[in-house]
$ cat protein06.cif   # mmCIF, N, CA and C atoms
data_start
loop_
_atom_site.group_PDB
_atom_site.id
_atom_site.type_symbol
_atom_site.label_atom_id
_atom_site.label_comp_id
_atom_site.auth_asym_id
_atom_site.auth_seq_id
_atom_site.Cartn_x
_atom_site.Cartn_y
_atom_site.Cartn_z
ATOM 1 N N MET G 199 -53.893 9.030 -40.553
ATOM 2 C CA MET G 199 -53.975 8.482 -39.209
ATOM 3 C C MET G 199 -53.605 9.522 -38.154
ATOM 4 N N LYS G 200 -52.557 10.317 -38.388
ATOM 5 C CA LYS G 200 -52.174 11.342 -37.424
ATOM 6 C C LYS G 200 -53.251 12.409 -37.288
ATOM 7 N N LYS G 201 -53.978 12.676 -38.357
ATOM 8 C CA LYS G 201 -55.047 13.680 -38.324
ATOM 9 C C LYS G 201 -56.078 13.321 -37.271
ATOM 10 N N LYS G 202 -56.430 12.046 -37.168
ATOM 11 C CA LYS G 202 -57.414 11.609 -36.187
ATOM 12 C C LYS G 202 -56.887 11.759 -34.763
ATOM 13 N N GLN G 203 -55.589 11.609 -34.567
ATOM 14 C CA GLN G 203 -55.026 11.728 -33.230
ATOM 15 C C GLN G 203 -54.902 13.185 -32.797
ATOM 16 N N LYS G 204 -54.638 14.092 -33.725
ATOM 17 C CA LYS G 204 -54.434 15.498 -33.379
ATOM 18 C C LYS G 204 -55.720 16.312 -33.365
ATOM 19 N N LEU G 205 -56.753 15.871 -34.053
ATOM 20 C CA LEU G 205 -57.979 16.650 -34.138
ATOM 21 C C LEU G 205 -58.640 16.892 -32.787
ATOM 22 N N PRO G 206 -58.745 15.892 -31.898
ATOM 23 C CA PRO G 206 -59.378 16.198 -30.599
ATOM 24 C C PRO G 206 -58.668 17.320 -29.843
ATOM 25 N N LEU G 207 -57.340 17.378 -29.901
ATOM 26 C CA LEU G 207 -56.608 18.454 -29.236
ATOM 27 C C LEU G 207 -56.868 19.791 -29.928
ATOM 28 N N ALA G 208 -56.915 19.777 -31.255
ATOM 29 C CA ALA G 208 -57.179 21.005 -32.010
ATOM 30 C C ALA G 208 -58.610 21.485 -31.799
ATOM 31 N N TYR G 209 -59.501 20.573 -31.493
ATOM 32 C CA TYR G 209 -60.905 20.930 -31.297
ATOM 33 C C TYR G 209 -61.146 21.564 -29.928
ATOM 34 N N LYS G 210 -60.248 21.381 -28.993
ATOM 35 C CA LYS G 210 -60.444 21.906 -27.626
ATOM 36 C C LYS G 210 -60.781 23.397 -27.602
ATOM 37 N N PRO G 211 -60.021 24.267 -28.281
ATOM 38 C CA PRO G 211 -60.391 25.693 -28.242
ATOM 39 C C PRO G 211 -61.730 25.968 -28.921
ATOM 40 N N VAL G 212 -62.013 25.226 -29.969
ATOM 41 C CA VAL G 212 -63.307 25.385 -30.654
ATOM 42 C C VAL G 212 -64.421 24.954 -29.713
ATOM 43 N N GLY G 213 -64.224 23.826 -29.053
ATOM 44 C CA GLY G 213 -65.214 23.342 -28.095
ATOM 45 C C GLY G 213 -65.418 24.307 -26.943
ATOM 46 N N PHE G 214 -64.338 24.912 -26.479
ATOM 47 C CA PHE G 214 -64.431 25.905 -25.410
ATOM 48 C C PHE G 214 -65.262 27.099 -25.860
ATOM 49 N N ALA G 215 -64.962 27.601 -27.048
ATOM 50 C CA ALA G 215 -65.702 28.754 -27.580
ATOM 51 C C ALA G 215 -67.173 28.412 -27.773
ATOM 52 N N LEU G 216 -67.443 27.222 -28.295
ATOM 53 C CA LEU G 216 -68.838 26.803 -28.475
ATOM 54 C C LEU G 216 -69.549 26.677 -27.134
ATOM 55 N N GLY G 217 -68.849 26.204 -26.113
ATOM 56 C CA GLY G 217 -69.438 26.111 -24.782
ATOM 57 C C GLY G 217 -69.806 27.478 -24.227
ATOM 58 N N TRP G 218 -68.930 28.446 -24.433
ATOM 59 C CA TRP G 218 -69.197 29.813 -23.968
ATOM 60 C C TRP G 218 -70.402 30.404 -24.696
ATOM 61 N N VAL G 219 -70.418 30.230 -26.021
ATOM 62 C CA VAL G 219 -71.546 30.725 -26.815
ATOM 63 C C VAL G 219 -72.832 30.018 -26.405
ATOM 64 N N GLY G 220 -72.749 28.712 -26.212
ATOM 65 C CA GLY G 220 -73.928 27.944 -25.796
ATOM 66 C C GLY G 220 -74.463 28.388 -24.445
ATOM 67 N N GLY G 221 -73.572 28.652 -23.494
ATOM 68 C CA GLY G 221 -73.996 29.120 -22.176
ATOM 69 C C GLY G 221 -74.669 30.482 -22.246
ATOM 70 N N THR G 222 -74.106 31.361 -23.052
ATOM 71 C CA THR G 222 -74.699 32.692 -23.235
ATOM 72 C C THR G 222 -76.071 32.585 -23.888
ATOM 73 N N LEU G 223 -76.144 31.768 -24.925
ATOM 74 C CA LEU G 223 -77.414 31.559 -25.622
ATOM 75 C C LEU G 223 -78.462 30.930 -24.693
ATOM 76 N N ALA G 224 -78.031 29.966 -23.888
ATOM 77 C CA ALA G 224 -78.950 29.320 -22.944
ATOM 78 C C ALA G 224 -79.485 30.327 -21.929
ATOM 79 N N GLY G 225 -78.631 31.240 -21.474
ATOM 80 C CA GLY G 225 -79.083 32.276 -20.543
ATOM 81 C C GLY G 225 -80.144 33.172 -21.157
ATOM 82 N N LEU G 226 -79.937 33.543 -22.414
ATOM 83 C CA LEU G 226 -80.928 34.375 -23.106
ATOM 84 C C LEU G 226 -82.241 33.625 -23.307
ATOM 85 N N VAL G 227 -82.137 32.348 -23.687
ATOM 86 C CA VAL G 227 -83.337 31.529 -23.878
ATOM 87 C C VAL G 227 -84.091 31.399 -22.560
ATOM 88 N N PHE G 228 -83.365 31.204 -21.452
ATOM 89 C CA PHE G 228 -84.029 31.082 -20.154
ATOM 90 C C PHE G 228 -84.734 32.382 -19.775
ATOM 91 N N GLN G 229 -84.084 33.524 -19.995
ATOM 92 C CA GLN G 229 -84.717 34.802 -19.667
ATOM 93 C C GLN G 229 -86.020 34.988 -20.438
ATOM 94 N N LYS G 230 -85.999 34.682 -21.731
ATOM 95 C CA LYS G 230 -87.209 34.821 -22.562
ATOM 96 C C LYS G 230 -88.284 33.831 -22.116
ATOM 97 N N THR G 231 -87.863 32.603 -21.819
ATOM 98 C CA THR G 231 -88.815 31.573 -21.396
ATOM 99 C C THR G 231 -89.438 31.938 -20.053
ATOM 100 N N TRP G 232 -88.619 32.397 -19.110
ATOM 101 C CA TRP G 232 -89.142 32.759 -17.791
ATOM 102 C C TRP G 232 -90.147 33.907 -17.902
ATOM 103 N N LYS G 233 -89.825 34.879 -18.751
ATOM 104 C CA LYS G 233 -90.735 36.010 -18.935
ATOM 105 C C LYS G 233 -92.052 35.536 -19.544
ATOM 106 N N ALA G 234 -91.998 34.570 -20.451
ATOM 107 C CA ALA G 234 -93.219 34.036 -21.066
ATOM 108 C C ALA G 234 -94.037 33.211 -20.071
ATOM 109 N N ILE G 235 -93.345 32.457 -19.204
ATOM 110 C CA ILE G 235 -94.045 31.599 -18.236
ATOM 111 C C ILE G 235 -94.649 32.418 -17.102
ATOM 112 N N ARG G 236 -93.847 33.285 -16.488
ATOM 113 C CA ARG G 236 -94.260 33.975 -15.265
ATOM 114 C C ARG G 236 -94.505 35.466 -15.437
ATOM 115 N N HIS G 237 -94.244 36.010 -16.613
ATOM 116 C CA HIS G 237 -94.429 37.445 -16.865
ATOM 117 C C HIS G 237 -93.619 38.296 -15.887
ATOM 118 N N GLU G 238 -92.410 37.811 -15.562
ATOM 119 C CA GLU G 238 -91.487 38.519 -14.682
ATOM 120 C C GLU G 238 -90.148 38.665 -15.401
ATOM 121 N N ASP G 239 -89.433 39.744 -15.141
ATOM 122 C CA ASP G 239 -88.122 39.932 -15.756
ATOM 123 C C ASP G 239 -87.037 39.079 -15.109
ATOM 124 N N ASP G 240 -87.135 38.869 -13.810
ATOM 125 C CA ASP G 240 -86.109 38.124 -13.094
ATOM 126 C C ASP G 240 -86.669 36.829 -12.512
ATOM 127 N N ALA G 241 -85.928 35.748 -12.715
ATOM 128 C CA ALA G 241 -86.294 34.461 -12.115
ATOM 129 C C ALA G 241 -85.874 34.469 -10.652
ATOM 130 N N PRO G 242 -86.536 33.672 -9.823
ATOM 131 C CA PRO G 242 -86.142 33.628 -8.417
ATOM 132 C C PRO G 242 -84.762 33.003 -8.242
ATOM 133 N N ASP G 243 -84.038 33.542 -7.299
ATOM 134 C CA ASP G 243 -82.724 33.036 -6.946
ATOM 135 C C ASP G 243 -82.869 32.181 -5.688
ATOM 136 N N ALA G 244 -81.973 31.240 -5.508
ATOM 137 C CA ALA G 244 -82.038 30.361 -4.336
ATOM 138 C C ALA G 244 -81.965 31.137 -3.024
ATOM 139 N N LEU G 245 -81.338 32.286 -3.027
ATOM 140 C CA LEU G 245 -81.191 33.074 -1.799
ATOM 141 C C LEU G 245 -82.201 34.201 -1.679
ATOM 142 N N ASP G 246 -83.199 34.213 -2.553
ATOM 143 C CA ASP G 246 -84.234 35.241 -2.523
ATOM 144 C C ASP G 246 -85.220 34.912 -1.402
ATOM 145 N N ARG G 247 -85.210 35.706 -0.364
ATOM 146 C CA ARG G 247 -86.028 35.450 0.828
ATOM 147 C C ARG G 247 -87.519 35.512 0.545
ATOM 148 N N ASP G 248 -87.926 36.312 -0.447
ATOM 149 C CA ASP G 248 -89.338 36.525 -0.729
ATOM 150 C C ASP G 248 -89.962 35.453 -1.632
ATOM 151 N N ARG G 249 -89.187 34.495 -2.076
ATOM 152 C CA ARG G 249 -89.703 33.443 -2.958
ATOM 153 C C ARG G 249 -89.768 32.125 -2.203
ATOM 154 N N GLY G 250 -90.747 31.317 -2.568
ATOM 155 C CA GLY G 250 -90.915 30.018 -1.919
ATOM 156 C C GLY G 250 -90.070 28.933 -2.578
ATOM 157 N N TRP G 251 -90.029 27.785 -1.891
ATOM 158 C CA TRP G 251 -89.274 26.645 -2.399
ATOM 159 C C TRP G 251 -89.739 26.234 -3.793
ATOM 160 N N GLY G 252 -91.040 26.201 -3.988
ATOM 161 C CA GLY G 252 -91.585 25.766 -5.271
ATOM 162 C C GLY G 252 -91.122 26.641 -6.419
ATOM 163 N N GLU G 253 -91.183 27.946 -6.230
ATOM 164 C CA GLU G 253 -90.744 28.883 -7.279
ATOM 165 C C GLU G 253 -89.258 28.729 -7.584
ATOM 166 N N VAL G 254 -88.454 28.633 -6.533
ATOM 167 C CA VAL G 254 -87.006 28.536 -6.703
ATOM 168 C C VAL G 254 -86.638 27.239 -7.423
ATOM 169 N N LEU G 255 -87.225 26.133 -6.986
ATOM 170 C CA LEU G 255 -86.886 24.847 -7.598
ATOM 171 C C LEU G 255 -87.442 24.722 -9.015
ATOM 172 N N PHE G 256 -88.618 25.282 -9.265
ATOM 173 C CA PHE G 256 -89.169 25.268 -10.618
ATOM 174 C C PHE G 256 -88.273 26.068 -11.566
ATOM 175 N N ALA G 257 -87.833 27.232 -11.140
ATOM 176 C CA ALA G 257 -86.948 28.058 -11.968
ATOM 177 C C ALA G 257 -85.633 27.326 -12.248
ATOM 178 N N ALA G 258 -85.093 26.668 -11.231
ATOM 179 C CA ALA G 258 -83.836 25.928 -11.411
ATOM 180 C C ALA G 258 -84.015 24.765 -12.387
ATOM 181 N N ALA G 259 -85.142 24.074 -12.294
ATOM 182 C CA ALA G 259 -85.398 22.950 -13.198
ATOM 183 C C ALA G 259 -85.543 23.416 -14.649
ATOM 184 N N VAL G 260 -86.265 24.499 -14.850
ATOM 185 C CA VAL G 260 -86.437 25.042 -16.209
ATOM 186 C C VAL G 260 -85.088 25.503 -16.749
ATOM 187 N N GLN G 261 -84.337 26.207 -15.928
ATOM 188 C CA GLN G 261 -83.035 26.707 -16.363
ATOM 189 C C GLN G 261 -82.092 25.553 -16.701
ATOM 190 N N GLY G 262 -82.061 24.531 -15.870
ATOM 191 C CA GLY G 262 -81.193 23.379 -16.121
ATOM 192 C C GLY G 262 -81.560 22.630 -17.388
ATOM 193 N N ALA G 263 -82.856 22.430 -17.598
ATOM 194 C CA ALA G 263 -83.300 21.731 -18.803
ATOM 195 C C ALA G 263 -82.953 22.517 -20.058
ATOM 196 N N LEU G 264 -83.207 23.816 -20.040
ATOM 197 C CA LEU G 264 -82.901 24.645 -21.207
ATOM 198 C C LEU G 264 -81.400 24.704 -21.463
ATOM 199 N N PHE G 265 -80.616 24.799 -20.408
ATOM 200 C CA PHE G 265 -79.163 24.833 -20.564
ATOM 201 C C PHE G 265 -78.661 23.549 -21.216
ATOM 202 N N ALA G 266 -79.158 22.410 -20.752
ATOM 203 C CA ALA G 266 -78.721 21.122 -21.309
ATOM 204 C C ALA G 266 -79.105 20.987 -22.778
ATOM 205 N N VAL G 267 -80.306 21.398 -23.130
ATOM 206 C CA VAL G 267 -80.754 21.301 -24.523
ATOM 207 C C VAL G 267 -79.933 22.218 -25.426
ATOM 208 N N VAL G 268 -79.752 23.462 -25.009
ATOM 209 C CA VAL G 268 -79.003 24.418 -25.836
ATOM 210 C C VAL G 268 -77.543 23.986 -25.951
ATOM 211 N N ARG G 269 -76.940 23.569 -24.862
ATOM 212 C CA ARG G 269 -75.540 23.143 -24.898
ATOM 213 C C ARG G 269 -75.359 21.935 -25.814
ATOM 214 N N SER G 270 -76.264 20.976 -25.721
ATOM 215 C CA SER G 270 -76.172 19.800 -26.590
ATOM 216 C C SER G 270 -76.350 20.170 -28.055
ATOM 217 N N ALA G 271 -77.279 21.061 -28.348
ATOM 218 C CA ALA G 271 -77.501 21.481 -29.733
ATOM 219 C C ALA G 271 -76.271 22.208 -30.292
ATOM 220 N N VAL G 272 -75.670 23.074 -29.477
ATOM 221 C CA VAL G 272 -74.487 23.811 -29.928
ATOM 222 C C VAL G 272 -73.298 22.856 -30.094
ATOM 223 N N ASP G 273 -73.075 21.973 -29.125
ATOM 224 C CA ASP G 273 -71.970 21.013 -29.217
ATOM 225 C C ASP G 273 -72.119 20.104 -30.439
ATOM 226 N N ARG G 274 -73.324 19.608 -30.632
ATOM 227 C CA ARG G 274 -73.578 18.706 -31.759
ATOM 228 C C ARG G 274 -73.385 19.424 -33.090
ATOM 229 N N SER G 275 -73.873 20.647 -33.186
ATOM 230 C CA SER G 275 -73.707 21.426 -34.421
ATOM 231 C C SER G 275 -72.236 21.670 -34.724
ATOM 232 N N GLY G 276 -71.462 21.993 -33.694
ATOM 233 C CA GLY G 276 -70.027 22.211 -33.882
ATOM 234 C C GLY G 276 -69.312 20.946 -34.314
ATOM 235 N N ALA G 277 -69.650 19.819 -33.699
ATOM 236 C CA ALA G 277 -69.014 18.548 -34.062
ATOM 237 C C ALA G 277 -69.354 18.153 -35.496
ATOM 238 N N LYS G 278 -70.610 18.341 -35.885
ATOM 239 C CA LYS G 278 -71.015 18.013 -37.258
ATOM 240 C C LYS G 278 -70.306 18.927 -38.261
ATOM 241 N N ALA G 279 -70.128 20.202 -37.927
ATOM 242 C CA ALA G 279 -69.432 21.130 -38.815
ATOM 243 C C ALA G 279 -67.969 20.722 -38.981
ATOM 244 N N ILE G 280 -67.316 20.310 -37.885
ATOM 245 C CA ILE G 280 -65.933 19.838 -37.955
ATOM 246 C C ILE G 280 -65.859 18.577 -38.801
ATOM 247 N N GLU G 281 -66.810 17.680 -38.612
ATOM 248 C CA GLU G 281 -66.815 16.435 -39.394
ATOM 249 C C GLU G 281 -66.990 16.728 -40.887
ATOM 250 N N ARG G 282 -67.890 17.650 -41.223
ATOM 251 C CA ARG G 282 -68.081 18.014 -42.642
ATOM 252 C C ARG G 282 -66.821 18.653 -43.228
ATOM 253 N N ALA G 283 -66.156 19.491 -42.434
ATOM 254 C CA ALA G 283 -64.984 20.205 -42.927
ATOM 255 C C ALA G 283 -63.743 19.319 -43.039
ATOM 256 N N THR G 284 -63.579 18.368 -42.107
ATOM 257 C CA THR G 284 -62.350 17.576 -42.062
ATOM 258 C C THR G 284 -62.546 16.108 -42.410
ATOM 259 N N GLY G 285 -63.784 15.636 -42.333
ATOM 260 C CA GLY G 285 -64.041 14.211 -42.550
ATOM 261 C C GLY G 285 -63.791 13.367 -41.322
ATOM 262 N N THR G 286 -63.492 14.005 -40.194
ATOM 263 C CA THR G 286 -63.180 13.303 -38.953
ATOM 264 C C THR G 286 -64.025 13.850 -37.817
ATOM 265 N N TRP G 287 -64.560 12.948 -37.019
ATOM 266 C CA TRP G 287 -65.322 13.362 -35.834
ATOM 267 C C TRP G 287 -64.345 13.950 -34.821
ATOM 268 N N PRO G 288 -64.699 15.037 -34.129
ATOM 269 C CA PRO G 288 -63.723 15.764 -33.294
ATOM 270 C C PRO G 288 -63.321 15.108 -31.977
ATOM 271 N N THR G 289 -63.905 13.996 -31.608
ATOM 272 C CA THR G 289 -63.482 13.330 -30.378
ATOM 273 C C THR G 289 -62.935 11.961 -30.707
ATOM 274 N N ALA G 290 -61.971 11.538 -29.907
ATOM 275 C CA ALA G 290 -61.313 10.261 -30.169
ATOM 276 C C ALA G 290 -62.170 9.069 -29.775
ATOM 277 N N ASP G 291 -62.987 9.228 -28.756
ATOM 278 C CA ASP G 291 -63.794 8.103 -28.281
ATOM 279 C C ASP G 291 -65.268 8.354 -28.542
ATOM 280 N N LYS G 292 -66.088 7.390 -28.197
ATOM 281 C CA LYS G 292 -67.520 7.515 -28.409
ATOM 282 C C LYS G 292 -68.254 7.951 -27.146
ATOM 283 N N GLY G 293 -67.506 8.249 -26.091
ATOM 284 C CA GLY G 293 -68.113 8.616 -24.823
ATOM 285 C C GLY G 293 -68.638 10.040 -24.812
ATOM 286 N N GLY G 294 -69.193 10.408 -23.671
ATOM 287 C CA GLY G 294 -69.746 11.752 -23.500
ATOM 288 C C GLY G 294 -68.663 12.779 -23.232
ATOM 289 N N ARG G 295 -69.081 13.969 -22.792
ATOM 290 C CA ARG G 295 -68.130 15.056 -22.588
ATOM 291 C C ARG G 295 -67.368 14.917 -21.272
ATOM 292 N N ASP G 296 -67.795 14.058 -20.386
ATOM 293 C CA ASP G 296 -67.099 13.916 -19.092
ATOM 294 C C ASP G 296 -66.120 12.776 -19.118
#

$ encode --input "protein06.cif" --output "structure tokens"
Amino acid sequence: MKKKQKLPLAYKPVGFALGWVGGTLAGLVFQKTWKAIRHEDDAPDALDRDRGWGEVLFAAAVQGALFAVVRSAVDRSGAKAIERATGTWPTADKGGRD
């Protein structure tokens, strides 16, 4: 019983590390995807004067979608690995990350 209460706290550093890895991986995936879509090395930035609204918002939407997918895949993989190793799901509740 105590194992279930302490595991979410013990998982915090693991979750943090997985989040960092997921963010880095998502950035790499976005760079490759943007290059494949637009044949450009750099995606438009919101403050880039030479890019239009459509380009900026499209890049942001693609980046956001890819980030969410990669982060969810990394988080889920980490949680499943913890469950296989300990027999306990790493969060105390059934809610989301917020």

$ residues_around --input "protein06.cif" --residues "G:Phe228" --least-positions-apart "4" --cutoff "7 Å" --atoms "only C-alpha atoms" --output "PyMOL selection string"
chain G and resi 224+232+261+264

$ select_by_dssp --input "protein06.cif" --residues "stretch 200-281 of chain G" --states "helix (DSSP H, G or I)" --output "ChimeraX atom specification"
/G:200-236,251-281

$ atom_distance --input "protein06.cif" --atom1 "atom C of G:Ala257" --atom2 "atom N of G:Ala215"
25.4 Å

$ residues_around --input "protein06.cif" --residues "G:Ala277" --least-positions-apart "6" --cutoff "10 Å" --atoms "only C-alpha atoms" --output "ChimeraX atom specification"
/G:209,212-213,216,271,283,286-289

$ resolve_selection --input "protein06.cif" --expression "the PyMOL selection byres (((chain G and resi 265 and name CA) around 12) and name CA)" --output "ChimeraX atom specification"
/G:217-229,231,258-264,266-273

$ atom_distance --input "protein06.cif" --atom1 "atom CA of G:Ala234" --atom2 "atom N of G:Arg274"
26.4 Å

$ atom_distance --input "protein06.cif" --atom1 "atom N of G:Val254" --atom2 "atom C of G:Asp240"
10.3 Å

$ axis_aligned_box --input "protein06.cif" --around "stretch 209-224 of chain G" --padding-each-side "3 Å" --output "JSON"
{"center_x": -69.5, "center_y": 26.6, "center_z": -26.7, "size_x": 26.0, "size_y": 18.1, "size_z": 15.6}

$ decode --input "protein06.cif" --residues "stretch 247-259 of chain G" --atoms "N, CA, C and O atoms" --output "JSON list (two decimals), in the first residue's frame"
[["chain", "number", "residue", "atom", "x", "y", "z"],
["G", 247, "ARG", "N", 9.26, 39.44, -39.81],
["G", 247, "ARG", "CA", 8.55, 40.46, -40.59],
["G", 247, "ARG", "C", 8.27, 40.03, -42.02],
["G", 247, "ARG", "O", 7.28, 40.44, -42.63],
["G", 248, "ASP", "N", 9.12, 39.16, -42.58],
["G", 248, "ASP", "CA", 9.01, 38.77, -43.97],
["G", 248, "ASP", "C", 8.02, 37.62, -44.22],
["G", 248, "ASP", "O", 7.83, 37.21, -45.35],
["G", 249, "ARG", "N", 7.42, 37.09, -43.18],
["G", 249, "ARG", "CA", 6.47, 35.98, -43.33],
["G", 249, "ARG", "C", 5.06, 36.47, -43.06],
["G", 249, "ARG", "O", 4.82, 37.35, -42.24],
["G", 250, "GLY", "N", 4.11, 35.85, -43.75],
["G", 250, "GLY", "CA", 2.71, 36.23, -43.58],
["G", 250, "GLY", "C", 2.05, 35.48, -42.42],
["G", 250, "GLY", "O", 2.59, 34.52, -41.88],
["G", 251, "TRP", "N", 0.84, 35.95, -42.10],
["G", 251, "TRP", "CA", 0.07, 35.33, -41.02],
["G", 251, "TRP", "C", -0.15, 33.84, -41.27],
["G", 251, "TRP", "O", -0.04, 33.02, -40.36],
["G", 252, "GLY", "N", -0.49, 33.49, -42.50],
["G", 252, "GLY", "CA", -0.78, 32.10, -42.82],
["G", 252, "GLY", "C", 0.41, 31.19, -42.56],
["G", 252, "GLY", "O", 0.26, 30.12, -41.98],
["G", 253, "GLU", "N", 1.58, 31.61, -43.00],
["G", 253, "GLU", "CA", 2.80, 30.81, -42.79],
["G", 253, "GLU", "C", 3.11, 30.65, -41.30],
["G", 253, "GLU", "O", 3.43, 29.55, -40.84],
["G", 254, "VAL", "N", 3.02, 31.75, -40.57],
["G", 254, "VAL", "CA", 3.35, 31.73, -39.14],
["G", 254, "VAL", "C", 2.37, 30.83, -38.38],
["G", 254, "VAL", "O", 2.78, 29.99, -37.57],
["G", 255, "LEU", "N", 1.09, 30.98, -38.66],
["G", 255, "LEU", "CA", 0.09, 30.19, -37.93],
["G", 255, "LEU", "C", 0.12, 28.72, -38.35],
["G", 255, "LEU", "O", -0.07, 27.83, -37.52],
["G", 256, "PHE", "N", 0.39, 28.44, -39.62],
["G", 256, "PHE", "CA", 0.51, 27.06, -40.07],
["G", 256, "PHE", "C", 1.70, 26.38, -39.38],
["G", 256, "PHE", "O", 1.59, 25.25, -38.89],
["G", 257, "ALA", "N", 2.82, 27.06, -39.31],
["G", 257, "ALA", "CA", 4.01, 26.50, -38.65],
["G", 257, "ALA", "C", 3.72, 26.24, -37.17],
["G", 257, "ALA", "O", 4.11, 25.20, -36.63],
["G", 258, "ALA", "N", 3.04, 27.17, -36.53],
["G", 258, "ALA", "CA", 2.71, 27.00, -35.10],
["G", 258, "ALA", "C", 1.77, 25.82, -34.89],
["G", 258, "ALA", "O", 1.94, 25.05, -33.93],
["G", 259, "ALA", "N", 0.80, 25.65, -35.78],
["G", 259, "ALA", "CA", -0.14, 24.54, -35.66],
["G", 259, "ALA", "C", 0.57, 23.19, -35.84],
["G", 259, "ALA", "O", 0.33, 22.24, -35.08]]
